[in-house]
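Before any comments, here is the structure.
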Amino acid sequence: MSVPSERRPIVVGVETDPARRTALAWAADEAARRRVPLRPVRAEGVPTRGERGPDVPPSWEEWNEGLHRSGKQVLAEAMDFIAMRHPEVEVDAVLAEGDPAWVLGEESRTATAVVLGSQHLSRAQEAFGSASVALPLMARSHCPVVVVPEAAEYVSQEPAFYVVGVDGSEHSAAAVDLAFEEASLRGAEVRALYVWQPGLLRIFDEFGAQQECRRLLSETVAGRHARYPDVDLRHELVVGHPVQALTDASSHALGLVVGTRGHGGFTGMLLGSVSQGVLHYARCPILVVPPTRT
């Protein structure tokens, strides 16, 4: 059954540690801003033998009972946090058994966005903050995935702005759409970047190649002002490595918006070294957008 777009919730993966609430706060703020429900989700799979410590019961029945008990407590604490921050937001919590990436991927079918924390992207044991969840989720998600760094403050520059990576592909066009949408909601501007990375072999006409990049950039951002006349736009071509360029440009941004895959300088952005570099080094929330949202 389809869900009306105006009622699609913001889904957020809830971490066990109550001290890590930046992603939950971002999701609650976004739900309040968009006037949509918020769905905190806690999902856990069966621990493998190597992961089991002395406090993990050996039997499935005992483990399952412990899962529900601890999971309900984690969600109750998350809901208390949400109620204090935005009491007006409708909350529908979900406790699920299974692989977190799969659970959140299924939730993405009827969501506005799925939000994760990123304090421990390199640690596989973290249920919702690890690359083992974020990357496969981004590959299969039906809606934007937002990865929020665990930091006290990540915006310190005025006017507020979003950075969006553009390469002329369908995926980057979808990213531009979301960047304008978010900027309009927050009274921010959009800074669109085409990152051109010269190949190992020097080409004869670098000026011509860069002019083509500028053309693709202009075509991708064209027409957005008609839909979002309140959003100021800046766009430029940057020469360098995509990870470094996007990380530097977004260091004081409200968010960095990218498509799931691209071409040119963004080839393999989702599952390759560029995407993982951005996830590890970007200092602001990262919004990864599929080419079409259903």
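Letters for chains follow the order of the structure tokens (A, B, ...), residue numbers begin at 1 for each chain, and ligand numbers begin at 1 in the order shown.
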
Would you pick out the contacts of Tyr162 (chain A) at 12 Å or less, using only C-alpha atoms, so that residues sharing its chain but fewer than 3 positions from it are not included, and give the list as a PDB file with N, CA, C and O atoms, in the first residue's frame?
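This is the output file around_23.pdb:
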ATOM      1  N   VAL A 155      27.638  23.673  12.132  1.00  0.00           N
ATOM      2  CA  VAL A 155      27.347  24.821  11.279  1.00  0.00           C
ATOM      3  C   VAL A 155      27.866  26.065  11.966  1.00  0.00           C
ATOM      4  O   VAL A 155      27.520  26.341  13.101  1.00  0.00           O
ATOM      5  N   GLN A 157      28.865  29.078   9.803  1.00  0.00           N
ATOM      6  CA  GLN A 157      29.073  30.127   8.799  1.00  0.00           C
ATOM      7  C   GLN A 157      27.747  30.676   8.320  1.00  0.00           C
ATOM      8  O   GLN A 157      26.774  29.950   8.156  1.00  0.00           O
ATOM      9  N   GLU A 158      27.700  31.974   8.118  1.00  0.00           N
ATOM     10  CA  GLU A 158      26.524  32.641   7.576  1.00  0.00           C
ATOM     11  C   GLU A 158      26.884  33.327   6.263  1.00  0.00           C
ATOM     12  O   GLU A 158      27.981  33.855   6.133  1.00  0.00           O
ATOM     13  N   PRO A 159      25.981  33.311   5.258  1.00  0.00           N
ATOM     14  CA  PRO A 159      24.668  32.680   5.316  1.00  0.00           C
ATOM     15  C   PRO A 159      24.776  31.158   5.285  1.00  0.00           C
ATOM     16  O   PRO A 159      25.738  30.598   4.762  1.00  0.00           O
ATOM     17  N   GLY A 165      27.198  18.008  -4.932  1.00  0.00           N
ATOM     18  CA  GLY A 165      28.111  17.553  -5.969  1.00  0.00           C
ATOM     19  C   GLY A 165      27.362  17.280  -7.259  1.00  0.00           C
ATOM     20  O   GLY A 165      26.358  16.578  -7.268  1.00  0.00           O
ATOM     21  N   ALA A 175      20.170  14.876  -6.721  1.00  0.00           N
ATOM     22  CA  ALA A 175      20.828  15.488  -5.567  1.00  0.00           C
ATOM     23  C   ALA A 175      20.599  16.997  -5.554  1.00  0.00           C
ATOM     24  O   ALA A 175      20.370  17.589  -4.496  1.00  0.00           O
ATOM     25  N   VAL A 176      20.659  17.632  -6.726  1.00  0.00           N
ATOM     26  CA  VAL A 176      20.407  19.072  -6.813  1.00  0.00           C
ATOM     27  C   VAL A 176      18.984  19.383  -6.371  1.00  0.00           C
ATOM     28  O   VAL A 176      18.736  20.352  -5.643  1.00  0.00           O
ATOM     29  N   ASP A 177      18.029  18.558  -6.783  1.00  0.00           N
ATOM     30  CA  ASP A 177      16.638  18.765  -6.371  1.00  0.00           C
ATOM     31  C   ASP A 177      16.509  18.758  -4.850  1.00  0.00           C
ATOM     32  O   ASP A 177      15.843  19.621  -4.262  1.00  0.00           O
ATOM     33  N   LEU A 178      17.129  17.769  -4.206  1.00  0.00           N
ATOM     34  CA  LEU A 178      17.034  17.696  -2.747  1.00  0.00           C
ATOM     35  C   LEU A 178      17.759  18.853  -2.087  1.00  0.00           C
ATOM     36  O   LEU A 178      17.294  19.391  -1.076  1.00  0.00           O
ATOM     37  N   ALA A 179      18.891  19.265  -2.634  1.00  0.00           N
ATOM     38  CA  ALA A 179      19.629  20.388  -2.060  1.00  0.00           C
ATOM     39  C   ALA A 179      18.772  21.649  -2.060  1.00  0.00           C
ATOM     40  O   ALA A 179      18.723  22.389  -1.063  1.00  0.00           O
ATOM     41  N   PHE A 180      18.072  21.911  -3.166  1.00  0.00           N
ATOM     42  CA  PHE A 180      17.190  23.078  -3.227  1.00  0.00           C
ATOM     43  C   PHE A 180      16.021  22.942  -2.268  1.00  0.00           C
ATOM     44  O   PHE A 180      15.605  23.909  -1.615  1.00  0.00           O
ATOM     45  N   GLU A 181      15.472  21.737  -2.169  1.00  0.00           N
ATOM     46  CA  GLU A 181      14.347  21.498  -1.266  1.00  0.00           C
ATOM     47  C   GLU A 181      14.742  21.773   0.185  1.00  0.00           C
ATOM     48  O   GLU A 181      14.032  22.463   0.924  1.00  0.00           O
ATOM     49  N   GLU A 182      15.898  21.229   0.590  1.00  0.00           N
ATOM     50  CA  GLU A 182      16.366  21.430   1.957  1.00  0.00           C
ATOM     51  C   GLU A 182      16.719  22.897   2.207  1.00  0.00           C
ATOM     52  O   GLU A 182      16.416  23.451   3.267  1.00  0.00           O
ATOM     53  N   ALA A 183      17.367  23.522   1.242  1.00  0.00           N
ATOM     54  CA  ALA A 183      17.747  24.925   1.405  1.00  0.00           C
ATOM     55  C   ALA A 183      16.521  25.809   1.551  1.00  0.00           C
ATOM     56  O   ALA A 183      16.501  26.745   2.363  1.00  0.00           O
ATOM     57  N   SER A 184      15.474  25.526   0.793  1.00  0.00           N
ATOM     58  CA  SER A 184      14.244  26.305   0.887  1.00  0.00           C
ATOM     59  C   SER A 184      13.594  26.140   2.255  1.00  0.00           C
ATOM     60  O   SER A 184      13.106  27.109   2.847  1.00  0.00           O
ATOM     61  N   LEU A 185      13.592  24.928   2.775  1.00  0.00           N
ATOM     62  CA  LEU A 185      13.007  24.669   4.094  1.00  0.00           C
ATOM     63  C   LEU A 185      13.746  25.406   5.197  1.00  0.00           C
ATOM     64  O   LEU A 185      13.155  25.801   6.203  1.00  0.00           O
ATOM     65  N   ARG A 186      15.060  25.602   5.025  1.00  0.00           N
ATOM     66  CA  ARG A 186      15.893  26.166   6.085  1.00  0.00           C
ATOM     67  C   ARG A 186      16.333  27.603   5.823  1.00  0.00           C
ATOM     68  O   ARG A 186      17.119  28.153   6.586  1.00  0.00           O
ATOM     69  N   GLY A 187      15.862  28.212   4.733  1.00  0.00           N
ATOM     70  CA  GLY A 187      16.271  29.572   4.424  1.00  0.00           C
ATOM     71  C   GLY A 187      17.746  29.684   4.109  1.00  0.00           C
ATOM     72  O   GLY A 187      18.407  30.665   4.473  1.00  0.00           O
ATOM     73  N   ALA A 188      18.275  28.672   3.414  1.00  0.00           N
ATOM     74  CA  ALA A 188      19.710  28.621   3.107  1.00  0.00           C
ATOM     75  C   ALA A 188      19.947  28.787   1.606  1.00  0.00           C
ATOM     76  O   ALA A 188      19.008  28.829   0.815  1.00  0.00           O
ATOM     77  N   GLU A 189      21.222  28.877   1.207  1.00  0.00           N
ATOM     78  CA  GLU A 189      21.570  28.936  -0.205  1.00  0.00           C
ATOM     79  C   GLU A 189      22.186  27.611  -0.636  1.00  0.00           C
ATOM     80  O   GLU A 189      22.507  26.760   0.196  1.00  0.00           O
ATOM     81  N   VAL A 190      22.334  27.434  -1.944  1.00  0.00           N
ATOM     82  CA  VAL A 190      22.920  26.223  -2.514  1.00  0.00           C
ATOM     83  C   VAL A 190      24.213  26.576  -3.217  1.00  0.00           C
ATOM     84  O   VAL A 190      24.275  27.529  -3.998  1.00  0.00           O
ATOM     85  N   ARG A 191      25.252  25.784  -2.931  1.00  0.00           N
ATOM     86  CA  ARG A 191      26.528  25.918  -3.621  1.00  0.00           C
ATOM     87  C   ARG A 191      26.776  24.621  -4.379  1.00  0.00           C
ATOM     88  O   ARG A 191      27.049  23.575  -3.775  1.00  0.00           O
ATOM     89  N   ALA A 192      26.643  24.673  -5.700  1.00  0.00           N
ATOM     90  CA  ALA A 192      26.790  23.489  -6.542  1.00  0.00           C
ATOM     91  C   ALA A 192      28.209  23.419  -7.087  1.00  0.00           C
ATOM     92  O   ALA A 192      28.716  24.382  -7.657  1.00  0.00           O
ATOM     93  N   LEU A 193      28.843  22.249  -6.913  1.00  0.00           N
ATOM     94  CA  LEU A 193      30.228  22.070  -7.340  1.00  0.00           C
ATOM     95  C   LEU A 193      30.340  20.950  -8.364  1.00  0.00           C
ATOM     96  O   LEU A 193      29.776  19.859  -8.166  1.00  0.00           O
ATOM     97  N   VAL A 231      15.724  30.620  -2.977  1.00  0.00           N
ATOM     98  CA  VAL A 231      17.036  30.022  -2.732  1.00  0.00           C
ATOM     99  C   VAL A 231      18.091  30.659  -3.635  1.00  0.00           C
ATOM    100  O   VAL A 231      17.979  30.636  -4.860  1.00  0.00           O
ATOM    101  N   ASP A 232      19.118  31.238  -3.030  1.00  0.00           N
ATOM    102  CA  ASP A 232      20.241  31.767  -3.798  1.00  0.00           C
ATOM    103  C   ASP A 232      21.148  30.620  -4.233  1.00  0.00           C
ATOM    104  O   ASP A 232      21.339  29.647  -3.496  1.00  0.00           O
ATOM    105  N   LEU A 233      21.716  30.729  -5.435  1.00  0.00           N
ATOM    106  CA  LEU A 233      22.554  29.675  -5.996  1.00  0.00           C
ATOM    107  C   LEU A 233      23.921  30.209  -6.368  1.00  0.00           C
ATOM    108  O   LEU A 233      24.048  31.258  -7.003  1.00  0.00           O
ATOM    109  N   ARG A 234      24.948  29.463  -5.966  1.00  0.00           N
ATOM    110  CA  ARG A 234      26.313  29.702  -6.435  1.00  0.00           C
ATOM    111  C   ARG A 234      26.811  28.397  -7.011  1.00  0.00           C
ATOM    112  O   ARG A 234      26.591  27.327  -6.438  1.00  0.00           O
ATOM    113  N   HIS A 235      27.464  28.443  -8.163  1.00  0.00           N
ATOM    114  CA  HIS A 235      28.016  27.207  -8.720  1.00  0.00           C
ATOM    115  C   HIS A 235      29.380  27.475  -9.329  1.00  0.00           C
ATOM    116  O   HIS A 235      29.649  28.552  -9.860  1.00  0.00           O
ATOM    117  N   LEU A 246      35.046  18.230  -1.942  1.00  0.00           N
ATOM    118  CA  LEU A 246      33.737  18.252  -1.304  1.00  0.00           C
ATOM    119  C   LEU A 246      33.859  18.414   0.209  1.00  0.00           C
ATOM    120  O   LEU A 246      33.057  19.114   0.834  1.00  0.00           O
ATOM    121  N   ALA A 249      34.758  22.095   0.866  1.00  0.00           N
ATOM    122  CA  ALA A 249      33.656  23.009   0.557  1.00  0.00           C
ATOM    123  C   ALA A 249      32.525  22.915   1.574  1.00  0.00           C
ATOM    124  O   ALA A 249      31.804  23.894   1.805  1.00  0.00           O
ATOM    125  N   SER A 250      32.363  21.741   2.188  1.00  0.00           N
ATOM    126  CA  SER A 250      31.229  21.528   3.085  1.00  0.00           C
ATOM    127  C   SER A 250      31.595  21.640   4.554  1.00  0.00           C
ATOM    128  O   SER A 250      30.793  21.300   5.424  1.00  0.00           O
ATOM    129  N   SER A 251      32.794  22.132   4.857  1.00  0.00           N
ATOM    130  CA  SER A 251      33.255  22.124   6.247  1.00  0.00           C
ATOM    131  C   SER A 251      32.364  22.945   7.169  1.00  0.00           C
ATOM    132  O   SER A 251      32.277  22.654   8.368  1.00  0.00           O
ATOM    133  N   HIS A 252      31.668  23.957   6.656  1.00  0.00           N
ATOM    134  CA  HIS A 252      30.771  24.762   7.481  1.00  0.00           C
ATOM    135  C   HIS A 252      29.353  24.765   6.916  1.00  0.00           C
ATOM    136  O   HIS A 252      28.589  25.700   7.161  1.00  0.00           O
ATOM    137  N   ALA A 253      28.987  23.711   6.202  1.00  0.00           N
ATOM    138  CA  ALA A 253      27.685  23.649   5.535  1.00  0.00           C
ATOM    139  C   ALA A 253      26.621  23.006   6.412  1.00  0.00           C
ATOM    140  O   ALA A 253      26.923  22.264   7.350  1.00  0.00           O
ATOM    141  N   LEU A 254      25.369  23.263   6.090  1.00  0.00           N
ATOM    142  CA  LEU A 254      24.257  22.551   6.717  1.00  0.00           C
ATOM    143  C   LEU A 254      24.238  21.094   6.275  1.00  0.00           C
ATOM    144  O   LEU A 254      23.758  20.225   6.999  1.00  0.00           O
ATOM    145  N   GLY A 255      24.747  20.826   5.067  1.00  0.00           N
ATOM    146  CA  GLY A 255      24.775  19.466   4.577  1.00  0.00           C
ATOM    147  C   GLY A 255      25.489  19.375   3.249  1.00  0.00           C
ATOM    148  O   GLY A 255      25.604  20.365   2.509  1.00  0.00           O
ATOM    149  N   LEU A 256      25.987  18.169   2.944  1.00  0.00           N
ATOM    150  CA  LEU A 256      26.603  17.855   1.658  1.00  0.00           C
ATOM    151  C   LEU A 256      25.703  16.852   0.955  1.00  0.00           C
ATOM    152  O   LEU A 256      25.436  15.771   1.494  1.00  0.00           O
ATOM    153  N   VAL A 257      25.232  17.193  -0.231  1.00  0.00           N
ATOM    154  CA  VAL A 257      24.273  16.355  -0.959  1.00  0.00           C
ATOM    155  C   VAL A 257      24.957  15.758  -2.181  1.00  0.00           C
ATOM    156  O   VAL A 257      25.557  16.482  -2.985  1.00  0.00           O
ATOM    157  N   VAL A 258      24.876  14.432  -2.320  1.00  0.00           N
ATOM    158  CA  VAL A 258      25.468  13.741  -3.465  1.00  0.00           C
ATOM    159  C   VAL A 258      24.500  12.685  -3.968  1.00  0.00           C
ATOM    160  O   VAL A 258      23.615  12.229  -3.246  1.00  0.00           O
ATOM    161  N   CYS A 284      29.929  17.649   8.073  1.00  0.00           N
ATOM    162  CA  CYS A 284      28.517  18.016   8.146  1.00  0.00           C
ATOM    163  C   CYS A 284      27.674  16.805   7.758  1.00  0.00           C
ATOM    164  O   CYS A 284      28.207  15.801   7.272  1.00  0.00           O
ATOM    165  N   PRO A 285      26.355  16.859   7.950  1.00  0.00           N
ATOM    166  CA  PRO A 285      25.511  15.763   7.488  1.00  0.00           C
ATOM    167  C   PRO A 285      25.671  15.530   5.990  1.00  0.00           C
ATOM    168  O   PRO A 285      25.774  16.471   5.207  1.00  0.00           O
ATOM    169  N   ILE A 286      25.687  14.253   5.605  1.00  0.00           N
ATOM    170  CA  ILE A 286      25.796  13.871   4.197  1.00  0.00           C
ATOM    171  C   ILE A 286      24.454  13.308   3.757  1.00  0.00           C
ATOM    172  O   ILE A 286      23.942  12.369   4.370  1.00  0.00           O
ATOM    173  N   LEU A 287      23.886  13.864   2.695  1.00  0.00           N
ATOM    174  CA  LEU A 287      22.605  13.418   2.174  1.00  0.00           C
ATOM    175  C   LEU A 287      22.853  12.728   0.836  1.00  0.00           C
ATOM    176  O   LEU A 287      23.292  13.354  -0.125  1.00  0.00           O
TER     177      LEU A 287
END

Point to revise | Backbone DSSP call of strand (DSSP E) for region 73-261 of chain A, listed as JSON, numbers by chain | key: {"A": [94, 95, 96, 97, 113, 114, 115, 116, 117, 145, 146, 147, 148, 161, 162, 163, 164, 165, 189, 190, 191, 192, 193, 194, 195, 196, 233, 234, 235, 236, 237, 238, 239, 255, 256, 257, 258, 259]}

Exercise for review: DSSP on the backbone, then: every residue of region 138-187 of chain A marked helix (DSSP H, G or I), written as a ChimeraX atom specification.
Suggested key: /A:138-140,170-186

Practice item. Determine the nearest neighbour of Pro149 (chain A) from the options A:Thr247, A:Val103, A:Ala134, A:Gly117, counting only C-alpha atoms. Key: A:Gly117
